[in-house]
Amino acid sequence: MIKRRKHNVPNLNLASMPDLIFTVLFFFMISTHMRSSAPKMKVETPQGTMLLKPEHKSALVYVYVGEGRVQVGNRVLPTTEGKGLSEAMSVALADERRRMSADDRQQMVVCLKADKKTPMQLILQVKQALREARVGHIFYSAQAPLPKS
């Protein structure tokens, strides 16, 4: 008759599990880019064909245009005729620049997210206001085209 030995299965040591969980959580907190502004209006961007992603996301300033309103960061600007929009945009962009690090200030890029139903006249006003605010780089946000089936 063959005698079988009883093997004891060692218990699983879970003492290092909280360390592992906090390490993974810390990694995701550091590597995730949090958006500092949220649109206060409905913005459905048009479709584009030659799309590129910006390199320095920390140097982006979002300008939302839709529903007859313009928003820089979290500030909604007046869209009155004349110098009202230009002056308000210059002040809002200066505030956004102050919040950036010195390295990001030199690489600042404005990301223009305009609703596809926005009149071109308002887009032209925003572009003129950006010129007067001495913004050198502008990205136009668009959706990727739907795949053809």
# chains A, B, ... in the order shown; residues from 1 in each chain; ligands from 1
>>> closest_atom_pairs(of="range 50-122 of chain A", to="range 133-148 of chain A", cutoff="10 Å", atoms="only C-alpha atoms", output="Markdown table")
| residue | atom | partner | partner_atom | distance |
| --- | --- | --- | --- | --- |
| A:Met50 | CA | A:Ala144 | CA | 8.8 |
| A:Leu51 | CA | A:Ala144 | CA | 7.2 |
| A:Leu52 | CA | A:Phe139 | CA | 9.1 |
| A:Lys53 | CA | A:Phe139 | CA | 9.3 |
| A:Pro54 | CA | A:Phe139 | CA | 8.1 |
| A:Leu60 | CA | A:Phe139 | CA | 9.2 |
| A:Val61 | CA | A:Ile138 | CA | 9.5 |
| A:Tyr62 | CA | A:Phe139 | CA | 9.5 |
| A:Val63 | CA | A:Tyr140 | CA | 9.8 |
| A:Tyr64 | CA | A:Ser141 | CA | 9.8 |
| A:Ser86 | CA | A:Ala133 | CA | 7.3 |
| A:Glu87 | CA | A:Ala133 | CA | 8.2 |
| A:Ala88 | CA | A:Ala133 | CA | 9.7 |
| A:Met89 | CA | A:Ala133 | CA | 7.2 |
| A:Ser90 | CA | A:Ala133 | CA | 4.9 |
| A:Val91 | CA | A:Ala133 | CA | 8.5 |
| A:Ala92 | CA | A:Ala133 | CA | 9.7 |
| A:Leu93 | CA | A:Ala133 | CA | 7.6 |
| A:Ala94 | CA | A:Ala133 | CA | 8.5 |
| A:Gln107 | CA | A:His137 | CA | 8.6 |
| A:Met108 | CA | A:His137 | CA | 7.3 |
| A:Val109 | CA | A:His137 | CA | 5.0 |
| A:Val110 | CA | A:Ile138 | CA | 4.8 |
| A:Cys111 | CA | A:Phe139 | CA | 4.6 |
| A:Leu112 | CA | A:Tyr140 | CA | 4.9 |
| A:Lys113 | CA | A:Ser141 | CA | 5.1 |
| A:Ala114 | CA | A:Ser141 | CA | 7.4 |
| A:Asp115 | CA | A:Ala142 | CA | 9.6 |
| A:Lys116 | CA | A:Ala142 | CA | 9.3 |
>>> residues_around(residues="Lys117 in chain A", least_positions_apart="6", cutoff="12 Å", atoms="only C-alpha atoms", output="list in words")
Lys42, Val43, Glu44, Thr45, Pro46, Val65, Gly66, Glu67, Gly68 and Ile123 of chain A
>>> write_last_selection(atoms="N, CA and C atoms", output="mmCIF file, in the first residue's frame")
data_model
loop_
_atom_site.group_PDB
_atom_site.id
_atom_site.type_symbol
_atom_site.label_atom_id
_atom_site.label_comp_id
_atom_site.auth_asym_id
_atom_site.auth_seq_id
_atom_site.Cartn_x
_atom_site.Cartn_y
_atom_site.Cartn_z
ATOM 1 N N LYS A 42 -22.359 73.503 -26.028
ATOM 2 C CA LYS A 42 -22.279 72.308 -26.878
ATOM 3 C C LYS A 42 -21.350 72.599 -28.046
ATOM 4 N N VAL A 43 -20.290 71.801 -28.175
ATOM 5 C CA VAL A 43 -19.332 71.974 -29.264
ATOM 6 C C VAL A 43 -19.179 70.636 -29.979
ATOM 7 N N GLU A 44 -19.690 70.563 -31.197
ATOM 8 C CA GLU A 44 -19.533 69.373 -32.034
ATOM 9 C C GLU A 44 -18.618 69.756 -33.180
ATOM 10 N N THR A 45 -17.369 69.298 -33.100
ATOM 11 C CA THR A 45 -16.368 69.708 -34.085
ATOM 12 C C THR A 45 -16.612 69.022 -35.424
ATOM 13 N N PRO A 46 -16.235 69.675 -36.518
ATOM 14 C CA PRO A 46 -16.397 69.066 -37.839
ATOM 15 C C PRO A 46 -15.381 67.954 -38.057
ATOM 16 N N VAL A 65 -15.786 77.708 -29.242
ATOM 17 C CA VAL A 65 -16.686 78.625 -29.932
ATOM 18 C C VAL A 65 -17.928 77.834 -30.302
ATOM 19 N N GLY A 66 -19.075 78.295 -29.830
ATOM 20 C CA GLY A 66 -20.323 77.620 -30.141
ATOM 21 C C GLY A 66 -21.489 78.339 -29.506
ATOM 22 N N GLU A 67 -22.674 78.156 -30.100
ATOM 23 C CA GLU A 67 -23.902 78.768 -29.603
ATOM 24 C C GLU A 67 -23.774 80.285 -29.477
ATOM 25 N N GLY A 68 -22.979 80.887 -30.350
ATOM 26 C CA GLY A 68 -22.813 82.334 -30.328
ATOM 27 C C GLY A 68 -21.957 82.841 -29.180
ATOM 28 N N ILE A 123 -16.079 82.952 -36.202
ATOM 29 C CA ILE A 123 -14.752 82.328 -36.271
ATOM 30 C C ILE A 123 -13.715 83.374 -36.696
#
>>> select_by_dssp(residues="range 13-141 of chain A", states="strand (DSSP E)", output="list in words")
Leu60, Val61, Tyr62, Val63, Tyr64, Val65, Gly66, Arg69, Val70, Gln71, Val72, Arg75, Val76, Leu77, Val109, Val110, Cys111, Leu112, Lys113, Ala114, Ile138, Phe139 and Tyr140 of chain A
